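Structure data (mmCIF, N, CA and C atoms) from data_39.cif:
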data_protein
loop_
_atom_site.group_PDB
_atom_site.id
_atom_site.type_symbol
_atom_site.label_atom_id
_atom_site.label_comp_id
_atom_site.auth_asym_id
_atom_site.auth_seq_id
_atom_site.Cartn_x
_atom_site.Cartn_y
_atom_site.Cartn_z
ATOM 1 N N MET X 135 0.818 -1.191 0.000
ATOM 2 C CA MET X 135 0.000 0.000 0.000
ATOM 3 C C MET X 135 0.868 1.263 0.000
ATOM 4 N N VAL X 136 1.929 1.257 0.790
ATOM 5 C CA VAL X 136 2.810 2.426 0.871
ATOM 6 C C VAL X 136 3.454 2.709 -0.482
ATOM 7 N N ILE X 137 3.871 1.659 -1.162
ATOM 8 C CA ILE X 137 4.500 1.843 -2.472
ATOM 9 C C ILE X 137 3.496 2.428 -3.457
ATOM 10 N N ALA X 138 2.267 1.937 -3.424
ATOM 11 C CA ALA X 138 1.231 2.474 -4.318
ATOM 12 C C ALA X 138 0.988 3.956 -4.032
ATOM 13 N N ILE X 139 0.959 4.329 -2.782
ATOM 14 C CA ILE X 139 0.752 5.736 -2.415
ATOM 15 C C ILE X 139 1.901 6.594 -2.936
ATOM 16 N N MET X 140 3.122 6.080 -2.843
ATOM 17 C CA MET X 140 4.269 6.828 -3.367
ATOM 18 C C MET X 140 4.142 7.029 -4.879
ATOM 19 N N LEU X 141 3.722 5.984 -5.595
ATOM 20 C CA LEU X 141 3.537 6.104 -7.037
ATOM 21 C C LEU X 141 2.440 7.113 -7.366
ATOM 22 N N LEU X 142 1.355 7.097 -6.600
ATOM 23 C CA LEU X 142 0.246 8.026 -6.832
ATOM 24 C C LEU X 142 0.665 9.472 -6.593
ATOM 25 N N ARG X 143 1.538 9.688 -5.650
ATOM 26 C CA ARG X 143 2.028 11.061 -5.398
ATOM 27 C C ARG X 143 2.874 11.556 -6.556
ATOM 28 N N GLU X 144 3.615 10.646 -7.194
ATOM 29 C CA GLU X 144 4.446 11.022 -8.336
ATOM 30 C C GLU X 144 3.624 11.192 -9.612
ATOM 31 N N ARG X 145 2.501 10.494 -9.682
ATOM 32 C CA ARG X 145 1.674 10.488 -10.896
ATOM 33 C C ARG X 145 0.232 10.833 -10.541
ATOM 34 N N PRO X 146 -0.109 12.105 -10.545
ATOM 35 C CA PRO X 146 -1.442 12.535 -10.125
ATOM 36 C C PRO X 146 -2.594 11.923 -10.928
ATOM 37 N N ARG X 147 -2.346 11.500 -12.168
ATOM 38 C CA ARG X 147 -3.412 10.936 -12.995
ATOM 39 C C ARG X 147 -3.573 9.430 -12.800
ATOM 40 N N ALA X 148 -2.718 8.838 -11.996
ATOM 41 C CA ALA X 148 -2.739 7.389 -11.783
ATOM 42 C C ALA X 148 -3.889 6.981 -10.872
ATOM 43 N N ALA X 149 -4.265 5.717 -10.990
ATOM 44 C CA ALA X 149 -5.302 5.143 -10.129
ATOM 45 C C ALA X 149 -4.768 3.871 -9.491
ATOM 46 N N HIS X 150 -5.086 3.701 -8.217
ATOM 47 C CA HIS X 150 -4.679 2.500 -7.483
ATOM 48 C C HIS X 150 -5.844 1.528 -7.496
ATOM 49 N N MET X 151 -5.590 0.328 -7.978
ATOM 50 C CA MET X 151 -6.617 -0.699 -8.017
ATOM 51 C C MET X 151 -6.550 -1.498 -6.719
ATOM 52 N N ARG X 152 -7.685 -1.928 -6.238
ATOM 53 C CA ARG X 152 -7.712 -2.721 -5.010
ATOM 54 C C ARG X 152 -7.050 -4.067 -5.290
ATOM 55 N N PRO X 153 -5.967 -4.387 -4.567
ATOM 56 C CA PRO X 153 -5.274 -5.653 -4.817
ATOM 57 C C PRO X 153 -6.174 -6.837 -4.497
ATOM 58 N N SER X 154 -6.228 -7.774 -5.418
ATOM 59 C CA SER X 154 -6.999 -8.984 -5.190
ATOM 60 C C SER X 154 -6.557 -10.030 -6.201
ATOM 61 N N SER X 155 -6.903 -11.246 -5.906
ATOM 62 C CA SER X 155 -6.650 -12.302 -6.876
ATOM 63 C C SER X 155 -7.549 -12.023 -8.072
ATOM 64 N N GLY X 156 -6.985 -12.089 -9.245
ATOM 65 C CA GLY X 156 -7.780 -11.800 -10.432
ATOM 66 C C GLY X 156 -7.896 -10.321 -10.735
ATOM 67 N N ASP X 157 -6.918 -9.515 -10.260
ATOM 68 C CA ASP X 157 -6.958 -8.069 -10.512
ATOM 69 C C ASP X 157 -6.411 -7.706 -11.891
ATOM 70 N N GLY X 158 -6.125 -8.722 -12.685
ATOM 71 C CA GLY X 158 -5.625 -8.478 -14.030
ATOM 72 C C GLY X 158 -4.175 -8.049 -14.059
ATOM 73 N N GLY X 159 -3.462 -8.226 -12.941
ATOM 74 C CA GLY X 159 -2.054 -7.847 -12.897
ATOM 75 C C GLY X 159 -1.833 -6.352 -12.803
ATOM 76 N N ILE X 160 -2.880 -5.603 -12.461
ATOM 77 C CA ILE X 160 -2.786 -4.139 -12.411
ATOM 78 C C ILE X 160 -2.933 -3.667 -10.973
ATOM 79 N N ASP X 161 -1.876 -3.055 -10.433
ATOM 80 C CA ASP X 161 -1.967 -2.463 -9.101
ATOM 81 C C ASP X 161 -2.124 -0.948 -9.200
ATOM 82 N N VAL X 162 -1.338 -0.333 -10.062
ATOM 83 C CA VAL X 162 -1.454 1.110 -10.326
ATOM 84 C C VAL X 162 -1.467 1.266 -11.847
ATOM 85 N N ILE X 163 -2.405 2.050 -12.349
ATOM 86 C CA ILE X 163 -2.486 2.283 -13.792
ATOM 87 C C ILE X 163 -2.476 3.787 -14.046
ATOM 88 N N THR X 164 -1.622 4.202 -14.973
ATOM 89 C CA THR X 164 -1.472 5.618 -15.288
ATOM 90 C C THR X 164 -1.843 5.852 -16.743
ATOM 91 N N PRO X 165 -2.982 6.504 -16.983
ATOM 92 C CA PRO X 165 -3.360 6.807 -18.364
ATOM 93 C C PRO X 165 -2.361 7.768 -18.992
ATOM 94 N N GLN X 166 -2.136 7.597 -20.276
ATOM 95 C CA GLN X 166 -1.232 8.465 -21.017
ATOM 96 C C GLN X 166 -2.051 9.283 -22.007
ATOM 97 N N PRO X 167 -1.702 10.544 -22.220
ATOM 98 C CA PRO X 167 -2.514 11.389 -23.095
ATOM 99 C C PRO X 167 -2.545 10.932 -24.553
ATOM 100 N N PHE X 168 -1.482 10.314 -25.025
ATOM 101 C CA PHE X 168 -1.427 9.940 -26.438
ATOM 102 C C PHE X 168 -0.999 8.497 -26.646
ATOM 103 N N GLY X 169 -1.517 7.608 -25.852
ATOM 104 C CA GLY X 169 -1.142 6.217 -26.017
ATOM 105 C C GLY X 169 -1.674 5.354 -24.904
ATOM 106 N N PRO X 170 -1.298 4.081 -24.927
ATOM 107 C CA PRO X 170 -1.779 3.144 -23.917
ATOM 108 C C PRO X 170 -1.229 3.466 -22.527
ATOM 109 N N PRO X 171 -1.900 2.984 -21.492
ATOM 110 C CA PRO X 171 -1.493 3.288 -20.124
ATOM 111 C C PRO X 171 -0.211 2.582 -19.699
ATOM 112 N N ILE X 172 0.380 3.112 -18.644
ATOM 113 C CA ILE X 172 1.524 2.473 -17.990
ATOM 114 C C ILE X 172 0.977 1.751 -16.769
ATOM 115 N N VAL X 173 1.381 0.504 -16.602
ATOM 116 C CA VAL X 173 0.887 -0.334 -15.518
ATOM 117 C C VAL X 173 2.026 -0.666 -14.566
ATOM 118 N N ASP X 174 1.736 -0.587 -13.274
ATOM 119 C CA ASP X 174 2.690 -0.997 -12.246
ATOM 120 C C ASP X 174 2.126 -2.208 -11.526
ATOM 121 N N GLN X 175 2.936 -3.240 -11.408
ATOM 122 C CA GLN X 175 2.577 -4.433 -10.650
ATOM 123 C C GLN X 175 3.468 -4.447 -9.421
ATOM 124 N N ILE X 176 2.863 -4.381 -8.249
ATOM 125 C CA ILE X 176 3.610 -4.333 -6.992
ATOM 126 C C ILE X 176 3.528 -5.709 -6.341
ATOM 127 N N LYS X 177 4.675 -6.306 -6.134
ATOM 128 C CA LYS X 177 4.735 -7.593 -5.451
ATOM 129 C C LYS X 177 5.214 -7.371 -4.023
ATOM 130 N N SER X 178 4.721 -8.183 -3.110
ATOM 131 C CA SER X 178 5.073 -8.010 -1.698
ATOM 132 C C SER X 178 6.149 -8.973 -1.238
ATOM 133 N N PHE X 179 7.086 -9.280 -2.121
ATOM 134 C CA PHE X 179 8.187 -10.165 -1.763
ATOM 135 C C PHE X 179 9.222 -9.361 -0.980
ATOM 136 N N ALA X 180 8.985 -9.151 0.294
ATOM 137 C CA ALA X 180 9.840 -8.268 1.079
ATOM 138 C C ALA X 180 11.166 -8.903 1.478
ATOM 139 N N SER X 181 11.231 -10.207 1.521
ATOM 140 C CA SER X 181 12.486 -10.828 1.943
ATOM 141 C C SER X 181 12.669 -12.157 1.222
ATOM 142 N N GLY X 182 13.857 -12.670 1.332
ATOM 143 C CA GLY X 182 14.152 -13.950 0.723
ATOM 144 C C GLY X 182 14.569 -13.810 -0.728
ATOM 145 N N ALA X 183 14.802 -14.943 -1.332
ATOM 146 C CA ALA X 183 15.284 -14.971 -2.710
ATOM 147 C C ALA X 183 14.127 -14.919 -3.697
ATOM 148 N N LEU X 184 14.482 -14.655 -4.925
ATOM 149 C CA LEU X 184 13.516 -14.665 -6.014
ATOM 150 C C LEU X 184 13.398 -16.121 -6.475
ATOM 151 N N THR X 185 12.505 -16.853 -5.831
ATOM 152 C CA THR X 185 12.365 -18.291 -6.070
ATOM 153 C C THR X 185 11.649 -18.565 -7.394
ATOM 154 N N ALA X 186 11.660 -19.826 -7.790
ATOM 155 C CA ALA X 186 10.963 -20.233 -9.019
ATOM 156 C C ALA X 186 9.480 -19.896 -8.924
ATOM 157 N N GLY X 187 8.881 -20.098 -7.749
ATOM 158 C CA GLY X 187 7.469 -19.775 -7.559
ATOM 159 C C GLY X 187 7.193 -18.285 -7.722
ATOM 160 N N ARG X 188 8.086 -17.462 -7.207
ATOM 161 C CA ARG X 188 7.926 -16.011 -7.342
ATOM 162 C C ARG X 188 8.096 -15.581 -8.795
ATOM 163 N N LYS X 189 9.057 -16.180 -9.485
ATOM 164 C CA LYS X 189 9.254 -15.861 -10.901
ATOM 165 C C LYS X 189 8.015 -16.239 -11.702
ATOM 166 N N LYS X 190 7.418 -17.361 -11.359
ATOM 167 C CA LYS X 190 6.195 -17.798 -12.035
ATOM 168 C C LYS X 190 5.059 -16.803 -11.778
ATOM 169 N N GLN X 191 4.954 -16.319 -10.543
ATOM 170 C CA GLN X 191 3.938 -15.308 -10.204
ATOM 171 C C GLN X 191 4.128 -14.042 -11.030
ATOM 172 N N ILE X 192 5.373 -13.612 -11.164
ATOM 173 C CA ILE X 192 5.683 -12.398 -11.928
ATOM 174 C C ILE X 192 5.284 -12.592 -13.394
ATOM 175 N N GLY X 193 5.671 -13.719 -13.965
ATOM 176 C CA GLY X 193 5.297 -14.008 -15.349
ATOM 177 C C GLY X 193 3.794 -14.069 -15.526
ATOM 178 N N GLY X 194 3.101 -14.663 -14.543
ATOM 179 C CA GLY X 194 1.641 -14.735 -14.589
ATOM 180 C C GLY X 194 1.000 -13.359 -14.523
ATOM 181 N N SER X 195 1.589 -12.465 -13.736
ATOM 182 C CA SER X 195 1.066 -11.097 -13.642
ATOM 183 C C SER X 195 1.204 -10.364 -14.968
ATOM 184 N N LEU X 196 2.347 -10.528 -15.615
ATOM 185 C CA LEU X 196 2.546 -9.883 -16.908
ATOM 186 C C LEU X 196 1.585 -10.451 -17.950
ATOM 187 N N ASP X 197 1.399 -11.762 -17.946
ATOM 188 C CA ASP X 197 0.434 -12.369 -18.867
ATOM 189 C C ASP X 197 -0.976 -11.847 -18.601
ATOM 190 N N SER X 198 -1.329 -11.717 -17.318
ATOM 191 C CA SER X 198 -2.667 -11.230 -16.951
ATOM 192 C C SER X 198 -2.917 -9.816 -17.444
ATOM 193 N N VAL X 199 -1.935 -8.932 -17.271
ATOM 194 C CA VAL X 199 -2.140 -7.542 -17.698
ATOM 195 C C VAL X 199 -2.213 -7.466 -19.220
ATOM 196 N N ARG X 200 -1.450 -8.297 -19.900
ATOM 197 C CA ARG X 200 -1.534 -8.326 -21.369
ATOM 198 C C ARG X 200 -2.925 -8.753 -21.825
ATOM 199 N N MET X 201 -3.487 -9.749 -21.165
ATOM 200 C CA MET X 201 -4.832 -10.207 -21.522
ATOM 201 C C MET X 201 -5.875 -9.158 -21.132
ATOM 202 N N GLU X 202 -5.729 -8.589 -19.951
ATOM 203 C CA GLU X 202 -6.693 -7.593 -19.454
ATOM 204 C C GLU X 202 -6.769 -6.380 -20.373
ATOM 205 N N LEU X 203 -5.620 -5.939 -20.865
ATOM 206 C CA LEU X 203 -5.571 -4.730 -21.687
ATOM 207 C C LEU X 203 -5.354 -5.041 -23.172
ATOM 208 N N SER X 204 -5.540 -6.276 -23.552
ATOM 209 C CA SER X 204 -5.394 -6.696 -24.955
ATOM 210 C C SER X 204 -4.076 -6.230 -25.564
ATOM 211 N N ASP X 205 -3.005 -6.376 -24.802
ATOM 212 C CA ASP X 205 -1.659 -5.992 -25.248
ATOM 213 C C ASP X 205 -1.517 -4.496 -25.532
ATOM 214 N N GLN X 206 -2.459 -3.679 -25.096
ATOM 215 C CA GLN X 206 -2.378 -2.222 -25.277
ATOM 216 C C GLN X 206 -1.749 -1.615 -24.023
ATOM 217 N N ILE X 207 -0.450 -1.817 -23.870
ATOM 218 C CA ILE X 207 0.275 -1.382 -22.671
ATOM 219 C C ILE X 207 1.396 -0.452 -23.093
ATOM 220 N N GLY X 208 1.410 0.748 -22.521
ATOM 221 C CA GLY X 208 2.483 1.696 -22.814
ATOM 222 C C GLY X 208 3.762 1.347 -22.079
ATOM 223 N N GLY X 209 3.641 0.646 -20.979
ATOM 224 C CA GLY X 209 4.782 0.227 -20.181
ATOM 225 C C GLY X 209 4.296 -0.621 -19.024
ATOM 226 N N TRP X 210 5.141 -1.531 -18.577
ATOM 227 C CA TRP X 210 4.815 -2.389 -17.438
ATOM 228 C C TRP X 210 5.994 -2.378 -16.499
ATOM 229 N N ASN X 211 5.753 -1.923 -15.274
ATOM 230 C CA ASN X 211 6.815 -1.847 -14.282
ATOM 231 C C ASN X 211 6.555 -2.861 -13.181
ATOM 232 N N LEU X 212 7.551 -3.648 -12.895
ATOM 233 C CA LEU X 212 7.506 -4.575 -11.777
ATOM 234 C C LEU X 212 8.163 -3.881 -10.594
ATOM 235 N N VAL X 213 7.428 -3.766 -9.502
ATOM 236 C CA VAL X 213 7.947 -3.098 -8.311
ATOM 237 C C VAL X 213 8.122 -4.150 -7.222
ATOM 238 N N LEU X 214 9.373 -4.329 -6.819
ATOM 239 C CA LEU X 214 9.712 -5.308 -5.791
ATOM 240 C C LEU X 214 10.376 -4.607 -4.614
ATOM 241 N N PRO X 215 9.793 -4.685 -3.427
ATOM 242 C CA PRO X 215 10.426 -4.060 -2.259
ATOM 243 C C PRO X 215 11.478 -4.975 -1.645
ATOM 244 N N MET X 216 12.430 -5.379 -2.476
ATOM 245 C CA MET X 216 13.486 -6.267 -1.997
ATOM 246 C C MET X 216 14.758 -5.996 -2.781
ATOM 247 N N MET X 217 15.860 -6.371 -2.202
ATOM 248 C CA MET X 217 17.145 -6.243 -2.872
ATOM 249 C C MET X 217 17.361 -7.492 -3.713
ATOM 250 N N LEU X 218 17.642 -7.292 -4.994
ATOM 251 C CA LEU X 218 17.896 -8.421 -5.873
ATOM 252 C C LEU X 218 19.392 -8.694 -5.964
ATOM 253 N N ALA X 219 19.739 -9.960 -6.028
ATOM 254 C CA ALA X 219 21.119 -10.333 -6.323
ATOM 255 C C ALA X 219 21.348 -10.090 -7.814
ATOM 256 N N ILE X 220 22.585 -9.953 -8.215
ATOM 257 C CA ILE X 220 22.901 -9.674 -9.613
ATOM 258 C C ILE X 220 22.291 -10.732 -10.537
ATOM 259 N N ASN X 221 22.424 -12.015 -10.178
ATOM 260 C CA ASN X 221 21.878 -13.070 -11.041
ATOM 261 C C ASN X 221 20.358 -13.011 -11.113
ATOM 262 N N GLU X 222 19.671 -12.596 -10.037
ATOM 263 C CA GLU X 222 18.212 -12.472 -10.059
ATOM 264 C C GLU X 222 17.782 -11.347 -10.994
ATOM 265 N N SER X 223 18.502 -10.252 -10.946
ATOM 266 C CA SER X 223 18.211 -9.128 -11.831
ATOM 267 C C SER X 223 18.401 -9.539 -13.292
ATOM 268 N N ARG X 224 19.442 -10.305 -13.561
ATOM 269 C CA ARG X 224 19.695 -10.791 -14.926
ATOM 270 C C ARG X 224 18.570 -11.701 -15.408
ATOM 271 N N VAL X 225 18.088 -12.567 -14.520
ATOM 272 C CA VAL X 225 17.001 -13.477 -14.891
ATOM 273 C C VAL X 225 15.758 -12.682 -15.276
ATOM 274 N N LEU X 226 15.417 -11.678 -14.502
ATOM 275 C CA LEU X 226 14.244 -10.866 -14.823
ATOM 276 C C LEU X 226 14.431 -10.137 -16.146
ATOM 277 N N ARG X 227 15.606 -9.580 -16.352
ATOM 278 C CA ARG X 227 15.858 -8.876 -17.617
ATOM 279 C C ARG X 227 15.796 -9.824 -18.807
ATOM 280 N N SER X 228 16.275 -11.039 -18.632
ATOM 281 C CA SER X 228 16.276 -11.987 -19.747
ATOM 282 C C SER X 228 14.871 -12.426 -20.120
ATOM 283 N N THR X 229 13.914 -12.263 -19.214
ATOM 284 C CA THR X 229 12.532 -12.611 -19.528
ATOM 285 C C THR X 229 11.747 -11.385 -19.977
ATOM 286 N N LYS X 230 12.455 -10.323 -20.300
ATOM 287 C CA LYS X 230 11.859 -9.080 -20.824
ATOM 288 C C LYS X 230 10.984 -8.377 -19.785
ATOM 289 N N VAL X 231 11.293 -8.594 -18.511
ATOM 290 C CA VAL X 231 10.581 -7.916 -17.445
ATOM 291 C C VAL X 231 11.464 -6.759 -16.970
ATOM 292 N N ALA X 232 10.930 -5.558 -16.994
ATOM 293 C CA ALA X 232 11.700 -4.388 -16.575
ATOM 294 C C ALA X 232 11.948 -4.432 -15.082
ATOM 295 N N VAL X 233 13.157 -4.116 -14.682
ATOM 296 C CA VAL X 233 13.503 -4.060 -13.278
ATOM 297 C C VAL X 233 13.833 -2.615 -12.953
ATOM 298 N N ALA X 234 12.997 -1.992 -12.145
ATOM 299 C CA ALA X 234 13.203 -0.596 -11.774
ATOM 300 C C ALA X 234 13.617 -0.509 -10.318
ATOM 301 N N GLY X 235 14.663 0.225 -10.055
ATOM 302 C CA GLY X 235 15.080 0.482 -8.686
ATOM 303 C C GLY X 235 15.692 -0.699 -7.973
ATOM 304 N N SER X 236 16.148 -1.708 -8.692
ATOM 305 C CA SER X 236 16.766 -2.842 -8.013
ATOM 306 C C SER X 236 18.243 -2.553 -7.804
ATOM 307 N N SER X 237 18.780 -3.144 -6.770
ATOM 308 C CA SER X 237 20.180 -2.947 -6.448
ATOM 309 C C SER X 237 20.725 -4.219 -5.828
ATOM 310 N N SER X 238 21.982 -4.448 -5.992
ATOM 311 C CA SER X 238 22.584 -5.632 -5.380
ATOM 312 C C SER X 238 23.655 -5.270 -4.375
ATOM 313 N N SER X 239 23.756 -3.998 -4.014
ATOM 314 C CA SER X 239 24.797 -3.608 -3.061
ATOM 315 C C SER X 239 24.344 -3.727 -1.645
#

Could you rewrite the structure in this file as structure tokens?
Amino acid sequence: MVIAIMLLRERPRAAHMRPSSGDGGIDVITPQPFGPPIVDQIKSFASGALTAGRKKQIGGSLDSVRMELSDQIGGWNLVLPMMLAINESRVLRSTKVAVAGSSSS
């Protein structure tokens, strides 16, 4: 919730969707004046490694938002409140998932 509020403060036109199973992979959606919206998916993986199950969840979220918006997505941001190891960041990048604000230091 705190992360969503921070995103909403940065993007006044954004809307926070109520998190639930079947939310279409959309936690925060920001309409764009001349194109498809930007979607933020916030995961609550606060600690531990990026396990196979978590990677599957992330992939499922991206698939869900693509289906929900019929591939009309201006951008998709994965927001993880955790520190990624270098190899975890590489794995996400290799699956074409954008990693914003990750660090391994």

Q) For the point (16.3, -6.2, -0.9) in file coordinates, what residues are within 7 Å, counting all atoms listed in the file? Give the answer as a VMD selection string? A) chain X and resid 180 to 181 215 to 218 237

(Q) Assuming the chain letters and numbering stay as they are in my file, what does the PyMOL selection byres (((chain X and resi 136-141 and name CA) around 12) and name CA) actually select? List them as JSON, numbers by chain. (A) {"X": [135, 142, 143, 144, 145, 146, 147, 148, 149, 150, 151, 152, 153, 160, 161, 162, 163, 164, 172, 173, 174, 175, 176, 177, 178, 180, 211, 212, 213, 214, 215]}

Q: From a DSSP calculation on the backbone, collect every residue of chain X in strand (DSSP E or B) and output the set as a VMD selection string.
A: chain X and resid 149 to 150 162 to 166 169 to 176 209 to 213 233

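Note that atom CA of X:Gln206 and atom CA of X:Gln191 are 20.9 Å apart.
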
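Rounded to one decimal, atom CA of X:Pro171 and atom CA of X:Gly208 lie 5.1 Å from each other.
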
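You will find atom N of X:Ile207 at 5.5 Å from atom C of X:Pro170.
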
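With distances restricted to only N, CA and C atoms, X:Gly159 is the closest residue to X:Asp197 from X:Ala219, X:Gly159, X:Ser154, X:Gly209.
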